[in-house]
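Here's upload.pdb, which has PDB, C-alpha atoms:
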ATOM      1  CA  MET A  49       3.572 -13.105  14.527  1.00  0.00           C
ATOM      2  CA  ASN A  50       4.332 -14.615  11.133  1.00  0.00           C
ATOM      3  CA  SER A  51       0.947 -16.230  10.537  1.00  0.00           C
ATOM      4  CA  ALA A  52       0.198 -14.179   7.427  1.00  0.00           C
ATOM      5  CA  ARG A  53      -0.459 -15.721   4.033  1.00  0.00           C
ATOM      6  CA  LEU A  54       1.950 -14.593   1.331  1.00  0.00           C
ATOM      7  CA  LEU A  55       1.843 -14.969  -2.435  1.00  0.00           C
ATOM      8  CA  VAL A  56       5.387 -15.080  -3.844  1.00  0.00           C
ATOM      9  CA  VAL A  57       5.730 -14.340  -7.563  1.00  0.00           C
ATOM     10  CA  ASP A  58       9.062 -14.882  -9.346  1.00  0.00           C
ATOM     11  CA  ASP A  59       9.809 -16.537 -12.677  1.00  0.00           C
ATOM     12  CA  ASP A  60      13.238 -17.790 -11.555  1.00  0.00           C
ATOM     13  CA  ASP A  61      12.622 -21.312 -10.249  1.00  0.00           C
ATOM     14  CA  THR A  62      15.619 -21.237  -7.920  1.00  0.00           C
ATOM     15  CA  VAL A  63      14.880 -17.824  -6.437  1.00  0.00           C
ATOM     16  CA  ARG A  64      11.183 -18.618  -6.078  1.00  0.00           C
ATOM     17  CA  GLY A  65      11.854 -21.926  -4.345  1.00  0.00           C
ATOM     18  CA  LEU A  66      14.500 -20.578  -1.981  1.00  0.00           C
ATOM     19  CA  LEU A  67      12.453 -17.521  -1.101  1.00  0.00           C
ATOM     20  CA  ALA A  68       9.287 -19.531  -0.478  1.00  0.00           C
ATOM     21  CA  ASP A  69      11.156 -22.023   1.710  1.00  0.00           C
ATOM     22  CA  ALA A  70      12.861 -19.258   3.697  1.00  0.00           C
ATOM     23  CA  LEU A  71       9.592 -17.439   4.332  1.00  0.00           C
ATOM     24  CA  ARG A  72       7.886 -20.679   5.362  1.00  0.00           C
ATOM     25  CA  TYR A  73      10.774 -21.357   7.738  1.00  0.00           C
ATOM     26  CA  VAL A  74      10.103 -18.101   9.608  1.00  0.00           C
ATOM     27  CA  GLY A  75       6.413 -18.947   9.884  1.00  0.00           C
ATOM     28  CA  PHE A  76       4.569 -17.512   6.903  1.00  0.00           C
ATOM     29  CA  GLU A  77       2.086 -19.507   4.830  1.00  0.00           C
ATOM     30  CA  VAL A  78       3.383 -19.242   1.270  1.00  0.00           C
ATOM     31  CA  THR A  79       1.928 -19.882  -2.163  1.00  0.00           C
ATOM     32  CA  ALA A  80       4.484 -19.487  -4.956  1.00  0.00           C
ATOM     33  CA  VAL A  81       3.790 -18.936  -8.662  1.00  0.00           C
ATOM     34  CA  ALA A  82       5.947 -18.131 -11.674  1.00  0.00           C
ATOM     35  CA  THR A  83       3.957 -15.743 -13.874  1.00  0.00           C
ATOM     36  CA  GLY A  84       1.887 -12.597 -13.638  1.00  0.00           C
ATOM     37  CA  ALA A  85      -1.203 -14.369 -14.952  1.00  0.00           C
ATOM     38  CA  GLU A  86      -0.868 -17.049 -12.267  1.00  0.00           C
ATOM     39  CA  ALA A  87      -0.447 -14.334  -9.655  1.00  0.00           C
ATOM     40  CA  VAL A  88      -3.663 -12.580 -10.694  1.00  0.00           C
ATOM     41  CA  ASP A  89      -5.580 -15.874 -10.695  1.00  0.00           C
ATOM     42  CA  ALA A  90      -4.227 -16.864  -7.271  1.00  0.00           C
ATOM     43  CA  ALA A  91      -4.871 -13.441  -5.712  1.00  0.00           C
ATOM     44  CA  ARG A  92      -8.437 -13.329  -7.000  1.00  0.00           C
ATOM     45  CA  ARG A  93      -9.209 -16.921  -6.037  1.00  0.00           C
ATOM     46  CA  ASP A  94      -7.880 -16.656  -2.490  1.00  0.00           C
ATOM     47  CA  PRO A  95      -6.623 -13.154  -1.638  1.00  0.00           C
ATOM     48  CA  PRO A  96      -3.372 -13.301   0.359  1.00  0.00           C
ATOM     49  CA  ASP A  97      -2.392 -10.917   3.127  1.00  0.00           C
ATOM     50  CA  LEU A  98       0.494  -9.664   0.982  1.00  0.00           C
ATOM     51  CA  VAL A  99       2.051 -10.279  -2.441  1.00  0.00           C
ATOM     52  CA  VAL A 100       5.849 -10.442  -2.777  1.00  0.00           C
ATOM     53  CA  LEU A 101       6.112  -9.572  -6.449  1.00  0.00           C
ATOM     54  CA  ASP A 102       8.987  -9.579  -8.915  1.00  0.00           C
ATOM     55  CA  VAL A 103       8.783  -6.849 -11.541  1.00  0.00           C
ATOM     56  CA  MET A 104      10.455  -8.626 -14.460  1.00  0.00           C
ATOM     57  CA  LEU A 105       8.009 -11.402 -15.295  1.00  0.00           C
ATOM     58  CA  PRO A 106       7.302 -12.968 -18.705  1.00  0.00           C
ATOM     59  CA  GLY A 107       4.194 -11.614 -20.432  1.00  0.00           C
ATOM     60  CA  MET A 108       2.372  -9.700 -17.712  1.00  0.00           C
ATOM     61  CA  ASP A 109       5.076  -7.991 -15.632  1.00  0.00           C
ATOM     62  CA  GLY A 110       4.778  -7.028 -11.979  1.00  0.00           C
ATOM     63  CA  PHE A 111       3.510  -3.543 -12.725  1.00  0.00           C
ATOM     64  CA  ASP A 112       0.785  -5.031 -14.960  1.00  0.00           C
ATOM     65  CA  VAL A 113      -0.185  -7.378 -12.137  1.00  0.00           C
ATOM     66  CA  VAL A 114      -0.753  -4.445  -9.768  1.00  0.00           C
ATOM     67  CA  ARG A 115      -2.735  -2.549 -12.408  1.00  0.00           C
ATOM     68  CA  THR A 116      -4.912  -5.618 -12.978  1.00  0.00           C
ATOM     69  CA  LEU A 117      -5.504  -6.267  -9.288  1.00  0.00           C
ATOM     70  CA  ARG A 118      -6.227  -2.542  -8.774  1.00  0.00           C
ATOM     71  CA  SER A 119      -4.241  -2.617  -5.509  1.00  0.00           C
ATOM     72  CA  THR A 120      -6.806  -4.789  -3.723  1.00  0.00           C
ATOM     73  CA  VAL A 121      -4.046  -6.458  -1.674  1.00  0.00           C
ATOM     74  CA  PRO A 122      -0.811  -5.060  -0.216  1.00  0.00           C
ATOM     75  CA  VAL A 123       2.199  -5.533  -2.514  1.00  0.00           C
ATOM     76  CA  LEU A 124       5.916  -5.578  -1.814  1.00  0.00           C
ATOM     77  CA  PHE A 125       7.959  -5.398  -5.007  1.00  0.00           C
ATOM     78  CA  LEU A 126      11.124  -7.499  -4.987  1.00  0.00           C
ATOM     79  CA  SER A 127      13.165  -6.793  -8.078  1.00  0.00           C
ATOM     80  CA  ALA A 128      16.603  -6.547  -9.641  1.00  0.00           C
ATOM     81  CA  ARG A 129      15.390  -3.344 -11.316  1.00  0.00           C
ATOM     82  CA  ASP A 130      16.898  -0.863  -8.887  1.00  0.00           C
ATOM     83  CA  GLY A 131      16.628   2.396 -10.817  1.00  0.00           C
ATOM     84  CA  TYR A 132      15.042   5.446  -9.234  1.00  0.00           C
ATOM     85  CA  GLN A 133      12.240   5.562 -11.810  1.00  0.00           C
ATOM     86  CA  ASP A 134      11.451   1.862 -11.321  1.00  0.00           C
ATOM     87  CA  LYS A 135      10.923   2.477  -7.604  1.00  0.00           C
ATOM     88  CA  VAL A 136       8.840   5.571  -8.258  1.00  0.00           C
ATOM     89  CA  ASP A 137       6.696   3.699 -10.795  1.00  0.00           C
ATOM     90  CA  GLY A 138       6.156   0.738  -8.479  1.00  0.00           C
ATOM     91  CA  LEU A 139       5.177   2.824  -5.476  1.00  0.00           C
ATOM     92  CA  THR A 140       3.052   5.206  -7.531  1.00  0.00           C
ATOM     93  CA  LEU A 141       1.070   2.278  -8.923  1.00  0.00           C
ATOM     94  CA  GLY A 142       0.131   1.305  -5.377  1.00  0.00           C
ATOM     95  CA  GLY A 143       3.011  -0.853  -4.177  1.00  0.00           C
ATOM     96  CA  ASP A 144       3.547  -0.651  -0.433  1.00  0.00           C
ATOM     97  CA  ASP A 145       7.319  -1.175  -0.508  1.00  0.00           C
ATOM     98  CA  TYR A 146      10.090  -1.828  -3.024  1.00  0.00           C
ATOM     99  CA  VAL A 147      13.072  -4.041  -2.133  1.00  0.00           C
ATOM    100  CA  THR A 148      15.912  -4.584  -4.590  1.00  0.00           C
ATOM    101  CA  LYS A 149      17.830  -7.781  -5.293  1.00  0.00           C
ATOM    102  CA  PRO A 150      20.145  -9.012  -3.913  1.00  0.00           C
ATOM    103  CA  PHE A 151      18.519  -8.742  -0.502  1.00  0.00           C
ATOM    104  CA  HIS A 152      19.110  -9.984   3.038  1.00  0.00           C
ATOM    105  CA  LEU A 153      16.329 -12.223   4.367  1.00  0.00           C
ATOM    106  CA  PRO A 154      16.071 -10.560   7.812  1.00  0.00           C
ATOM    107  CA  GLU A 155      15.553  -7.161   6.152  1.00  0.00           C
ATOM    108  CA  LEU A 156      12.962  -8.589   3.762  1.00  0.00           C
ATOM    109  CA  VAL A 157      11.058 -10.231   6.621  1.00  0.00           C
ATOM    110  CA  ALA A 158      11.144  -6.965   8.573  1.00  0.00           C
ATOM    111  CA  ARG A 159       9.824  -5.036   5.577  1.00  0.00           C
ATOM    112  CA  ILE A 160       7.060  -7.615   5.024  1.00  0.00           C
ATOM    113  CA  GLU A 161       6.002  -7.382   8.657  1.00  0.00           C
ATOM    114  CA  ALA A 162       6.025  -3.567   8.498  1.00  0.00           C
ATOM    115  CA  VAL A 163       3.717  -3.581   5.466  1.00  0.00           C
ATOM    116  CA  LEU A 164       1.408  -6.079   7.184  1.00  0.00           C
ATOM    117  CA  ARG A 165       1.241  -3.936  10.332  1.00  0.00           C
ATOM    118  CA  ARG A 166       0.373  -0.840   8.337  1.00  0.00           C
ATOM    119  CA  ALA A 167      -2.238  -2.755   6.340  1.00  0.00           C
ATOM    120  CA  ARG A 168      -3.933  -4.263   9.375  1.00  0.00           C
ATOM    121  CA  GLY A 169      -3.767  -1.351  11.782  1.00  0.00           C
ATOM    122  CA  GLY A 170      -2.385  -1.685  15.261  1.00  0.00           C
ATOM    123  CA  PRO A 171      -4.173  -3.541  18.057  1.00  0.00           C
ATOM    124  CA  GLY A 172      -6.687  -1.434  19.890  1.00  0.00           C
ATOM    125  CA  ASP A 173      -6.923   1.226  17.183  1.00  0.00           C
ATOM    126  CA  GLY A 174     -10.362   2.837  17.326  1.00  0.00           C
ATOM    127  CA  THR A 175     -12.657   4.048  14.592  1.00  0.00           C
ATOM    128  CA  LEU A 176     -11.767   7.529  13.342  1.00  0.00           C
ATOM    129  CA  SER A 177     -14.450  10.071  12.482  1.00  0.00           C
ATOM    130  CA  VAL A 178     -14.354  13.487  10.852  1.00  0.00           C
ATOM    131  CA  ALA A 179     -17.765  14.975  10.059  1.00  0.00           C
ATOM    132  CA  ASP A 180     -19.629  12.119   8.306  1.00  0.00           C
ATOM    133  CA  LEU A 181     -16.423  10.317   7.269  1.00  0.00           C
ATOM    134  CA  ARG A 182     -15.645   7.176   9.280  1.00  0.00           C
ATOM    135  CA  LEU A 183     -12.652   4.824   9.062  1.00  0.00           C
ATOM    136  CA  ASP A 184     -12.216   1.560  10.965  1.00  0.00           C
ATOM    137  CA  PRO A 185      -8.521   0.541  10.907  1.00  0.00           C
ATOM    138  CA  VAL A 186      -9.314  -3.009  12.054  1.00  0.00           C
ATOM    139  CA  THR A 187     -12.003  -3.939   9.514  1.00  0.00           C
ATOM    140  CA  ARG A 188     -10.565  -1.436   6.985  1.00  0.00           C
ATOM    141  CA  GLU A 189     -14.073  -0.162   6.287  1.00  0.00           C
ATOM    142  CA  VAL A 190     -14.523   3.455   5.216  1.00  0.00           C
ATOM    143  CA  THR A 191     -17.863   5.220   4.889  1.00  0.00           C
ATOM    144  CA  ARG A 192     -18.888   8.733   3.898  1.00  0.00           C
ATOM    145  CA  ALA A 193     -22.443   9.984   4.434  1.00  0.00           C
ATOM    146  CA  GLY A 194     -23.339   6.433   5.439  1.00  0.00           C
ATOM    147  CA  GLY A 195     -22.212   4.881   2.145  1.00  0.00           C
ATOM    148  CA  PRO A 196     -19.170   2.632   1.622  1.00  0.00           C
ATOM    149  CA  VAL A 197     -15.960   4.063   0.143  1.00  0.00           C
ATOM    150  CA  ARG A 198     -13.713   1.588  -1.681  1.00  0.00           C
ATOM    151  CA  LEU A 199     -10.033   2.454  -1.343  1.00  0.00           C
ATOM    152  CA  SER A 200      -6.807   0.844  -2.486  1.00  0.00           C
ATOM    153  CA  PRO A 201      -4.346  -0.067   0.303  1.00  0.00           C
ATOM    154  CA  THR A 202      -2.259   3.043  -0.411  1.00  0.00           C
ATOM    155  CA  GLU A 203      -5.321   5.300  -0.468  1.00  0.00           C
ATOM    156  CA  PHE A 204      -6.436   3.761   2.821  1.00  0.00           C
ATOM    157  CA  LYS A 205      -3.023   4.366   4.411  1.00  0.00           C
ATOM    158  CA  LEU A 206      -3.049   7.992   3.304  1.00  0.00           C
ATOM    159  CA  LEU A 207      -6.590   8.625   4.521  1.00  0.00           C
ATOM    160  CA  HIS A 208      -5.871   6.931   7.851  1.00  0.00           C
ATOM    161  CA  TYR A 209      -2.762   9.084   8.222  1.00  0.00           C
ATOM    162  CA  LEU A 210      -4.634  12.330   7.516  1.00  0.00           C
ATOM    163  CA  MET A 211      -7.561  11.394   9.763  1.00  0.00           C
ATOM    164  CA  GLU A 212      -5.213  10.638  12.657  1.00  0.00           C
ATOM    165  CA  ARG A 213      -3.946  14.210  12.212  1.00  0.00           C
ATOM    166  CA  ALA A 214      -7.325  15.811  11.549  1.00  0.00           C
ATOM    167  CA  GLY A 215      -7.104  19.579  11.791  1.00  0.00           C
ATOM    168  CA  GLU A 216      -3.311  19.551  11.420  1.00  0.00           C
ATOM    169  CA  VAL A 217      -1.637  20.885   8.279  1.00  0.00           C
ATOM    170  CA  VAL A 218       0.830  18.159   7.281  1.00  0.00           C
ATOM    171  CA  PRO A 219       3.703  19.141   4.926  1.00  0.00           C
ATOM    172  CA  LYS A 220       4.026  17.076   1.772  1.00  0.00           C
ATOM    173  CA  PRO A 221       7.578  15.848   2.537  1.00  0.00           C
ATOM    174  CA  GLN A 222       6.372  14.570   5.906  1.00  0.00           C
ATOM    175  CA  ILE A 223       3.460  12.722   4.284  1.00  0.00           C
ATOM    176  CA  LEU A 224       5.864  11.239   1.743  1.00  0.00           C
ATOM    177  CA  GLU A 225       8.205   9.965   4.428  1.00  0.00           C
ATOM    178  CA  ASP A 226       5.555   8.689   6.826  1.00  0.00           C
ATOM    179  CA  VAL A 227       3.150   7.065   4.346  1.00  0.00           C
ATOM    180  CA  TRP A 228       5.488   5.826   1.620  1.00  0.00           C
ATOM    181  CA  ARG A 229       8.667   5.356   3.714  1.00  0.00           C
ATOM    182  CA  TYR A 230      10.629   6.620   0.732  1.00  0.00           C
ATOM    183  CA  ASP A 231      11.789  10.136  -0.063  1.00  0.00           C
ATOM    184  CA  PHE A 232      11.577  10.030  -3.912  1.00  0.00           C
ATOM    185  CA  ALA A 233      14.532  12.452  -3.884  1.00  0.00           C
ATOM    186  CA  GLY A 234      12.177  15.103  -2.543  1.00  0.00           C
ATOM    187  CA  ASP A 235       9.632  14.717  -5.385  1.00  0.00           C
ATOM    188  CA  THR A 236       6.245  15.016  -3.666  1.00  0.00           C
ATOM    189  CA  SER A 237       4.128  14.621  -6.807  1.00  0.00           C
ATOM    190  CA  ILE A 238       3.000  11.153  -5.687  1.00  0.00           C
ATOM    191  CA  VAL A 239       1.365  12.804  -2.657  1.00  0.00           C
ATOM    192  CA  ASP A 240      -0.579  15.159  -4.928  1.00  0.00           C
ATOM    193  CA  THR A 241      -1.607  12.226  -7.118  1.00  0.00           C
ATOM    194  CA  TYR A 242      -2.985  10.175  -4.243  1.00  0.00           C
ATOM    195  CA  VAL A 243      -4.701  13.147  -2.614  1.00  0.00           C
ATOM    196  CA  SER A 244      -6.515  13.667  -5.924  1.00  0.00           C
ATOM    197  CA  TYR A 245      -7.560   9.994  -5.873  1.00  0.00           C
ATOM    198  CA  LEU A 246      -8.896  10.401  -2.332  1.00  0.00           C
ATOM    199  CA  ARG A 247     -10.787  13.553  -3.206  1.00  0.00           C
ATOM    200  CA  ARG A 248     -12.612  11.778  -6.038  1.00  0.00           C
ATOM    201  CA  LYS A 249     -13.737   9.045  -3.643  1.00  0.00           C
ATOM    202  CA  VAL A 250     -14.120  10.846  -0.323  1.00  0.00           C
ATOM    203  CA  ASP A 251     -14.921  14.449  -1.273  1.00  0.00           C
ATOM    204  CA  ASN A 252     -17.511  13.715  -3.944  1.00  0.00           C
ATOM    205  CA  VAL A 253     -20.132  15.051  -1.508  1.00  0.00           C
ATOM    206  CA  GLU A 254     -20.346  18.184   0.624  1.00  0.00           C
ATOM    207  CA  PRO A 255     -18.764  19.362   2.809  1.00  0.00           C
ATOM    208  CA  LYS A 256     -15.268  18.996   1.363  1.00  0.00           C
ATOM    209  CA  LEU A 257     -12.924  17.598   3.996  1.00  0.00           C
ATOM    210  CA  ILE A 258      -9.481  17.535   2.334  1.00  0.00           C
ATOM    211  CA  HIS A 259      -7.974  20.998   1.994  1.00  0.00           C
ATOM    212  CA  THR A 260      -4.767  22.305   0.423  1.00  0.00           C
ATOM    213  CA  LEU A 261      -2.485  24.844   2.012  1.00  0.00           C
ATOM    214  CA  HIS A 262      -0.616  25.928  -1.102  1.00  0.00           C
ATOM    215  CA  GLY A 263       3.127  25.617  -0.855  1.00  0.00           C
ATOM    216  CA  VAL A 264       2.899  23.646   2.375  1.00  0.00           C
ATOM    217  CA  GLY A 265       0.705  20.536   2.400  1.00  0.00           C
ATOM    218  CA  TYR A 266      -2.732  19.161   3.207  1.00  0.00           C
ATOM    219  CA  VAL A 267      -5.175  19.132   6.082  1.00  0.00           C
ATOM    220  CA  LEU A 268      -8.260  16.996   6.619  1.00  0.00           C
ATOM    221  CA  ARG A 269     -10.860  18.763   8.721  1.00  0.00           C
ATOM    222  CA  GLY A 270     -14.591  19.017   9.172  1.00  0.00           C
ATOM    223  CA  PRO A 271     -16.633  22.140   8.476  1.00  0.00           C
ATOM    224  CA  ARG A 272     -15.805  25.047  10.699  1.00  0.00           C
ATOM    225  CA  ALA A 273     -18.510  26.333  12.970  1.00  0.00           C
TER     226      ALA A 273
END
Please lay out the structure from this file as structure tokens.
Amino acid sequence: MNSARLLVVDDDDTVRGLLADALRYVGFEVTAVATGAEAVDAARRDPPDLVVLDVMLPGMDGFDVVRTLRSTVPVLFLSARDGYQDKVDGLTLGGDDYVTKPFHLPELVARIEAVLRRARGGPGDGTLSVADLRLDPVTREVTRAGGPVRLSPTEFKLLHYLMERAGEVVPKPQILEDVWRYDFAGDTSIVDTYVSYLRRKVDNVEPKLIHTLHGVGYVLRGPRA
């Protein structure tokens, strides 16, 4: 598979060089840069399929990079900062995965490929429709009432997940595990945060499609007859 284009961002020359070489060896196309500013420039000039991003960068750190890019490309954080709050912050900002250093290359490659699969959608996936909301997992296009809806990668993943389960009440812990692949020690507030983001973009017209079952979770459904 490994034909994806990666942008590797790490200010340690040795780590950056070894990581870039290792990822090229397994088949990825790799561009490597040392600073957050260079990462933003590279991602805007020629958007990669995924950014492998260190958090501790001089000047603009990894979290600032994601804020600046507004989650327009999938991001896998790769950092020595292994605290619980660091992981929560990175994933809440829109990161798709968070791997701590030191790491094993086979695991990192597997995590990269998993993020890429989720970002691209599986082969043969069809367009999903609920009322006037449409989502194409191949082109990643979303429309509501015929107009385009611009979503971050994490928002797209969450909407795709809910649309695949349209009409089903999905508990928050299940959403957390299935969409974020991380349990946040049972803290489901990130689910509430991203549902609120989706509502602002998807449910800004009638009928409202995303509904809350208080104390349980969320359901996406069309208007009832």
For Val239 of chain A, which residue out of A:Leu139, A:Ile160, A:Val190, A:Val103 is the nearest one, using all atoms listed in the file?
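For Val239 of chain A, the nearest of the candidates is A:Leu139.
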Go ahead and compute the interatomic distance for atom CA of Ala80 of chain A and atom CA of Pro201 of chain A, in Å to one decimal.
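About the pair atom CA of Ala80 of chain A and atom CA of Pro201 of chain A: they are 22.0 Å apart.
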Shell of 12 Å around His259 of chain A, all atoms listed in the file, local chain residues under 5 positions omitted, as a PyMOL selection string
chain A and resi 210+214-218+240+243-244+246-247+251+264-271
Record the distance separating atom CA of Asp226 of chain A and atom CA of Glu203 of chain A, expressed in Å with one decimal.
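Atom CA of Glu203 of chain A lies at a distance of 13.5 Å from atom CA of Asp226 of chain A.
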Using the chain letters and residue numbers of this document, give as a PyMOL selection string the residues selected by the PyMOL selection byres ((chain A and resi 178) around 8).
chain A and resi 176-177+179-182+211+214+269-270
Using all atoms listed in the file, which of the listed residues (A:Ala68, A:Met104, A:Leu224, A:Leu98) sits closest to Thr83 of chain A?
A:Met104
Counting all atoms listed in the file, which residue out of A:Val157, A:Ala91, A:Pro96, A:Glu212 sits closest to Thr175 of chain A?
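That would be A:Glu212, the residue with the smallest distance to Thr175 of chain A.
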Starting from the displayed file, determine the output of the PyMOL selection byres ((chain A and resi 143-148) around 7) and express the residue list as a list in words.
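Evaluating the PyMOL selection byres ((chain A and resi 143-148) around 7) on these coordinates yields Pro122, Val123, Leu124, Phe125, Leu126, Ser127, Ala128, Arg129, Asp130, Lys135, Gly138, Leu139, Thr140, Leu141, Gly142, Lys149, Pro150, Phe151, Val163 and Thr202 of chain A.
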If you measure from atom CA of Glu225 of chain A to atom CA of His262 of chain A, what distance in Å do you get, rounded to one decimal?
19.1 Å
